[in-house]
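S.K.: Encoded as structure tokens, here's the structure I'll be asking about.
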Amino acid sequence: MECVYFKSFRHLETDVQKGVVKHCDKPDFRVTLGNCVIGVEVTRLFKRREGKDAKRDGKPVQQAVESTRDRILEAACEKAQKLGLPSAHVILFFSLQDPLSSAARERIADSVVDVIARHMPDEGGSIELEMRPGQPSEVDLITVKRVHSHAHWEWLEAHAIERNVIDRVQAAITKKSELLESYLERLETYRKPYTECWLLLVADSSRSSGNLAFDDPSHTFTSPFARTYFLDFGRGKLYPLKTKSR
């Protein structure tokens, strides 16, 4: 997902669009612009989990559920490709609330692909599949659109927005600041006259665990990074944060 988030960031931030990009580590991306090397460290922000069910086996339940949905989606995509299904924009709406075993994920993926294959619309058409024979109860709604300009598979879920996240954002900046010196040392090995490191904080608001709203773009954060950004990935908004070094 780091590459997906960075692609969105690059689309919204024109200053890095012409650079040569390499996905690396510590920092996550390296952008070469003439005599300058810019490192971009990407870190994802999550909503708070409250109550006795916030964790299970030491792991956040919501993140585990999202991982289950991701794996079902990936398996379904692979099966659709092997069957040679036509290109389409497919959205799976999940109702499952608990992580599932590998066998259960495979069962659901098989059923999803089977029901889509049986009801695939003609080119330019669309269909909503709900409670169809063989449709798994864990995916209670499937939409399929044969539109090549927007052909991909994804999953969605309705979820509440968490606001007032200034403290969360500052805590993430402070934590990453401890690694800034090591990031710069790595960038300097590329022997460019100018090096700097940016921090990209991502709230993946298309998912329950990351549905954070940035409501105060006028707030000034403390950050030693050359630039610090907040990307609302689900809504496609990028906020260059106001910062001071100390």
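Chain labels run A, B, ... following the order of the structure tokens; each chain numbers its residues from 1, and ligands are numbered from 1 in the order shown.
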Can you tell me, as number ranges by chain, what residues are no more than 10 Å from Asp28 (chain A) when counting only C-alpha atoms, ignoring any on the same chain fewer than 5 positions away?

M.R.: A: 2-3, 6, 22-23, 39-43, 183, 199

S.K.: Could you dump the residues just selected with N, CA and C atoms as a short mmCIF file (atom, residue, chain, number, x, y, z; two decimals), in the first residue's frame?

M.R.:
```
data_model
loop_
_atom_site.label_atom_id
_atom_site.label_comp_id
_atom_site.auth_asym_id
_atom_site.auth_seq_id
_atom_site.Cartn_x
_atom_site.Cartn_y
_atom_site.Cartn_z
N GLU A 2 2.09 1.18 0.46
CA GLU A 2 2.95 2.38 0.44
C GLU A 2 3.03 2.97 -0.96
N CYS A 3 3.17 2.11 -1.96
CA CYS A 3 3.27 2.59 -3.35
C CYS A 3 1.97 3.26 -3.80
N PHE A 6 1.86 6.66 -2.10
CA PHE A 6 2.83 7.59 -2.69
C PHE A 6 2.37 8.03 -4.07
N LYS A 22 12.32 6.08 -6.71
CA LYS A 22 12.70 4.70 -6.38
C LYS A 22 12.12 4.34 -5.03
N HIS A 23 11.45 3.18 -4.97
CA HIS A 23 10.90 2.68 -3.71
C HIS A 23 12.03 1.99 -2.96
N GLY A 39 14.04 12.47 0.20
CA GLY A 39 13.53 11.24 0.78
C GLY A 39 12.12 11.49 1.29
N VAL A 40 11.22 10.53 1.08
CA VAL A 40 9.85 10.65 1.56
C VAL A 40 9.53 9.44 2.42
N GLU A 41 9.34 9.67 3.69
CA GLU A 41 8.97 8.61 4.62
C GLU A 41 7.45 8.59 4.76
N VAL A 42 6.85 7.42 4.58
CA VAL A 42 5.39 7.27 4.62
C VAL A 42 5.00 6.52 5.88
N THR A 43 4.04 7.06 6.62
CA THR A 43 3.54 6.35 7.81
C THR A 43 2.03 6.50 7.87
N TYR A 183 17.76 8.78 8.28
CA TYR A 183 17.25 8.95 6.92
C TYR A 183 18.19 9.84 6.11
N LEU A 199 8.06 14.05 5.30
CA LEU A 199 7.23 13.06 6.01
C LEU A 199 5.81 13.12 5.47
#
```

S.K.: Apply DSSP to the structure's backbone, then extract all residues of region 83-207 of chain A labelled strand (DSSP E) and return them as an MDAnalysis selection string.

M.R.: chainID A and resid 89:94 126:129 139:145 153:156 194:203

S.K.: Please write the residues from the selection above to a file, keeping C-alpha atoms, as a short mmCIF file (atom, residue, chain, number, x, y, z; two decimals), in the first residue's frame.

M.R.:
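Done, and the output landed in out-v4.cif:
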```
data_model
loop_
_atom_site.label_atom_id
_atom_site.label_comp_id
_atom_site.auth_asym_id
_atom_site.auth_seq_id
_atom_site.Cartn_x
_atom_site.Cartn_y
_atom_site.Cartn_z
CA HIS A 89 -14.92 -2.13 -11.92
CA VAL A 90 -16.00 -4.43 -9.10
CA ILE A 91 -16.86 -3.33 -5.56
CA LEU A 92 -17.40 -5.84 -2.77
CA PHE A 93 -19.44 -4.71 0.23
CA PHE A 94 -18.48 -6.83 3.23
CA SER A 126 -23.65 -2.44 -14.78
CA ILE A 127 -25.37 -4.64 -12.21
CA GLU A 128 -25.90 -4.89 -8.44
CA LEU A 129 -25.77 -8.38 -7.01
CA VAL A 139 -20.31 -10.19 0.84
CA ASP A 140 -23.93 -9.11 0.83
CA LEU A 141 -23.66 -6.63 -2.07
CA ILE A 142 -21.50 -6.67 -5.20
CA THR A 143 -21.54 -3.98 -7.88
CA VAL A 144 -20.07 -4.65 -11.32
CA LYS A 145 -19.52 -1.98 -13.98
CA TRP A 153 -11.57 -4.37 -7.86
CA GLU A 154 -12.01 -2.85 -4.41
CA TRP A 155 -14.01 -3.20 -1.21
CA LEU A 156 -15.91 -0.60 0.76
CA TYR A 194 21.29 18.90 -1.76
CA THR A 195 19.37 16.38 0.33
CA GLU A 196 16.25 16.67 2.44
CA CYS A 197 13.59 14.42 3.89
CA TRP A 198 9.81 14.82 3.84
CA LEU A 199 7.23 13.06 6.01
CA LEU A 200 3.93 11.86 4.57
CA LEU A 201 1.24 10.93 7.11
CA VAL A 202 -1.58 8.90 5.56
CA ALA A 203 -5.13 8.48 6.82
#
```

S.K.: List every residue of region 17-161 of chain A that DSSP, applied to the backbone, labels as alpha helix (DSSP H), and write the result as an mmCIF file with N, CA and C atoms, in the first residue's frame.

M.R.:
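Saved result, selection-v2.cif, follows:
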```
data_model
loop_
_atom_site.group_PDB
_atom_site.id
_atom_site.type_symbol
_atom_site.label_atom_id
_atom_site.label_comp_id
_atom_site.auth_asym_id
_atom_site.auth_seq_id
_atom_site.Cartn_x
_atom_site.Cartn_y
_atom_site.Cartn_z
ATOM 1 N N VAL A 61 -8.511 -5.702 16.329
ATOM 2 C CA VAL A 61 -9.479 -6.509 15.600
ATOM 3 C C VAL A 61 -9.805 -5.901 14.240
ATOM 4 N N GLN A 62 -10.031 -4.584 14.198
ATOM 5 C CA GLN A 62 -10.430 -3.968 12.941
ATOM 6 C C GLN A 62 -9.371 -4.145 11.872
ATOM 7 N N GLN A 63 -8.113 -4.009 12.246
ATOM 8 C CA GLN A 63 -7.041 -4.188 11.266
ATOM 9 C C GLN A 63 -6.995 -5.629 10.780
ATOM 10 N N ALA A 64 -7.258 -6.579 11.672
ATOM 11 C CA ALA A 64 -7.271 -7.987 11.284
ATOM 12 C C ALA A 64 -8.428 -8.275 10.329
ATOM 13 N N VAL A 65 -9.580 -7.644 10.577
ATOM 14 C CA VAL A 65 -10.739 -7.809 9.698
ATOM 15 C C VAL A 65 -10.437 -7.231 8.322
ATOM 16 N N GLU A 66 -9.819 -6.055 8.299
ATOM 17 C CA GLU A 66 -9.472 -5.435 7.020
ATOM 18 C C GLU A 66 -8.478 -6.291 6.249
ATOM 19 N N SER A 67 -7.548 -6.914 6.961
ATOM 20 C CA SER A 67 -6.598 -7.807 6.313
ATOM 21 C C SER A 67 -7.321 -9.000 5.692
ATOM 22 N N THR A 68 -8.333 -9.526 6.387
ATOM 23 C CA THR A 68 -9.136 -10.621 5.851
ATOM 24 C C THR A 68 -9.828 -10.197 4.567
ATOM 25 N N ARG A 69 -10.407 -9.000 4.564
ATOM 26 C CA ARG A 69 -11.088 -8.503 3.367
ATOM 27 C C ARG A 69 -10.105 -8.322 2.221
ATOM 28 N N ASP A 70 -8.917 -7.786 2.537
ATOM 29 C CA ASP A 70 -7.891 -7.609 1.505
ATOM 30 C C ASP A 70 -7.529 -8.943 0.856
ATOM 31 N N ARG A 71 -7.359 -9.966 1.690
ATOM 32 C CA ARG A 71 -6.945 -11.275 1.172
ATOM 33 C C ARG A 71 -8.046 -11.914 0.331
ATOM 34 N N ILE A 72 -9.297 -11.735 0.746
ATOM 35 C CA ILE A 72 -10.412 -12.249 -0.055
ATOM 36 C C ILE A 72 -10.451 -11.541 -1.405
ATOM 37 N N LEU A 73 -10.284 -10.233 -1.382
ATOM 38 C CA LEU A 73 -10.296 -9.457 -2.625
ATOM 39 C C LEU A 73 -9.159 -9.893 -3.554
ATOM 40 N N GLU A 74 -7.958 -10.032 -2.999
ATOM 41 C CA GLU A 74 -6.803 -10.448 -3.806
ATOM 42 C C GLU A 74 -7.030 -11.830 -4.420
ATOM 43 N N ALA A 75 -7.553 -12.756 -3.609
ATOM 44 C CA ALA A 75 -7.808 -14.110 -4.111
ATOM 45 C C ALA A 75 -8.865 -14.097 -5.206
ATOM 46 N N ALA A 76 -9.905 -13.293 -5.028
ATOM 47 C CA ALA A 76 -10.971 -13.203 -6.028
ATOM 48 C C ALA A 76 -10.436 -12.616 -7.334
ATOM 49 N N CYS A 77 -9.581 -11.597 -7.234
ATOM 50 C CA CYS A 77 -8.983 -10.995 -8.432
ATOM 51 C C CYS A 77 -8.155 -12.020 -9.201
ATOM 52 N N GLU A 78 -7.351 -12.787 -8.476
ATOM 53 C CA GLU A 78 -6.514 -13.806 -9.119
ATOM 54 C C GLU A 78 -7.370 -14.863 -9.816
ATOM 55 N N LYS A 79 -8.438 -15.283 -9.147
ATOM 56 C CA LYS A 79 -9.320 -16.294 -9.740
ATOM 57 C C LYS A 79 -10.031 -15.742 -10.971
ATOM 58 N N ALA A 80 -10.442 -14.477 -10.929
ATOM 59 C CA ALA A 80 -11.116 -13.859 -12.071
ATOM 60 C C ALA A 80 -10.179 -13.768 -13.271
ATOM 61 N N GLN A 81 -8.918 -13.439 -13.004
ATOM 62 C CA GLN A 81 -7.942 -13.349 -14.084
ATOM 63 C C GLN A 81 -7.690 -14.721 -14.710
ATOM 64 N N LYS A 82 -7.583 -15.744 -13.879
ATOM 65 C CA LYS A 82 -7.353 -17.094 -14.397
ATOM 66 C C LYS A 82 -8.530 -17.569 -15.251
ATOM 67 N N LEU A 83 -9.744 -17.146 -14.880
ATOM 68 C CA LEU A 83 -10.923 -17.535 -15.654
ATOM 69 C C LEU A 83 -11.102 -16.685 -16.907
ATOM 70 N N SER A 102 -7.906 -19.273 6.409
ATOM 71 C CA SER A 102 -7.542 -19.328 4.998
ATOM 72 C C SER A 102 -8.598 -20.072 4.180
ATOM 73 N N ALA A 103 -9.101 -21.166 4.722
ATOM 74 C CA ALA A 103 -10.109 -21.956 4.012
ATOM 75 C C ALA A 103 -11.388 -21.159 3.799
ATOM 76 N N ALA A 104 -11.797 -20.398 4.825
ATOM 77 C CA ALA A 104 -13.008 -19.585 4.714
ATOM 78 C C ALA A 104 -12.826 -18.477 3.688
ATOM 79 N N ARG A 105 -11.625 -17.881 3.670
ATOM 80 C CA ARG A 105 -11.360 -16.823 2.690
ATOM 81 C C ARG A 105 -11.422 -17.367 1.267
ATOM 82 N N GLU A 106 -10.855 -18.554 1.063
ATOM 83 C CA GLU A 106 -10.878 -19.157 -0.268
ATOM 84 C C GLU A 106 -12.311 -19.480 -0.691
ATOM 85 N N ARG A 107 -13.116 -19.982 0.247
ATOM 86 C CA ARG A 107 -14.523 -20.298 -0.059
ATOM 87 C C ARG A 107 -15.269 -19.059 -0.521
ATOM 88 N N ILE A 108 -15.068 -17.949 0.208
ATOM 89 C CA ILE A 108 -15.773 -16.715 -0.128
ATOM 90 C C ILE A 108 -15.296 -16.167 -1.473
ATOM 91 N N ALA A 109 -13.981 -16.209 -1.698
ATOM 92 C CA ALA A 109 -13.444 -15.714 -2.971
ATOM 93 C C ALA A 109 -13.989 -16.522 -4.145
ATOM 94 N N ASP A 110 -14.040 -17.851 -3.995
ATOM 95 C CA ASP A 110 -14.580 -18.710 -5.051
ATOM 96 C C ASP A 110 -16.035 -18.351 -5.345
ATOM 97 N N SER A 111 -16.825 -18.158 -4.292
ATOM 98 C CA SER A 111 -18.247 -17.853 -4.466
ATOM 99 C C SER A 111 -18.449 -16.488 -5.109
ATOM 100 N N VAL A 112 -17.623 -15.507 -4.717
ATOM 101 C CA VAL A 112 -17.723 -14.159 -5.285
ATOM 102 C C VAL A 112 -17.478 -14.202 -6.788
ATOM 103 N N VAL A 113 -16.407 -14.874 -7.192
ATOM 104 C CA VAL A 113 -16.066 -14.943 -8.618
ATOM 105 C C VAL A 113 -17.141 -15.702 -9.392
ATOM 106 N N ASP A 114 -17.669 -16.764 -8.797
ATOM 107 C CA ASP A 114 -18.699 -17.557 -9.470
ATOM 108 C C ASP A 114 -19.955 -16.732 -9.729
ATOM 109 N N VAL A 115 -20.399 -15.969 -8.726
ATOM 110 C CA VAL A 115 -21.620 -15.194 -8.899
ATOM 111 C C VAL A 115 -21.408 -14.040 -9.879
ATOM 112 N N ILE A 116 -20.205 -13.462 -9.881
ATOM 113 C CA ILE A 116 -19.912 -12.396 -10.843
ATOM 114 C C ILE A 116 -19.867 -12.948 -12.259
ATOM 115 N N ALA A 117 -19.229 -14.107 -12.422
ATOM 116 C CA ALA A 117 -19.128 -14.717 -13.748
ATOM 117 C C ALA A 117 -20.506 -15.023 -14.325
ATOM 118 N N ARG A 118 -21.425 -15.449 -13.471
ATOM 119 C CA ARG A 118 -22.769 -15.808 -13.938
ATOM 120 C C ARG A 118 -23.626 -14.600 -14.274
#
```

S.K.: How many Å lie between CA of Asp15 (chain A) and CA of Phe46 (chain A), rounded to one decimal?

M.R.: 27.2 Å

S.K.: Excluding region 217-220 of chain A and residues on its chain fewer than 5 positions from it, collect all residues at most 10 Å away from it, counting only C-alpha atoms, and give them as a list in words.

M.R.: Ile166, Gln170, Phe230, Tyr239, Pro240, Leu241, Lys242, Thr243 and Lys244 of chain A

S.K.: Any idea what the distance is between CA of Arg191 (chain A) and CA of Asn35 (chain A)?

M.R.: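 Atom-to-atom, CA of Arg191 (chain A) to CA of Asn35 (chain A), that is 9.1 Å.
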
S.K.: Between A:Thr174, A:Gly34, A:Leu238, A:Pro133, which is the closest to Thr14 (chain A) once you count only C-alpha atoms?

M.R.: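 Checking each of A:Thr174, A:Gly34, A:Leu238, A:Pro133 against Thr14 (chain A), counting only C-alpha atoms, the winner is A:Leu238.
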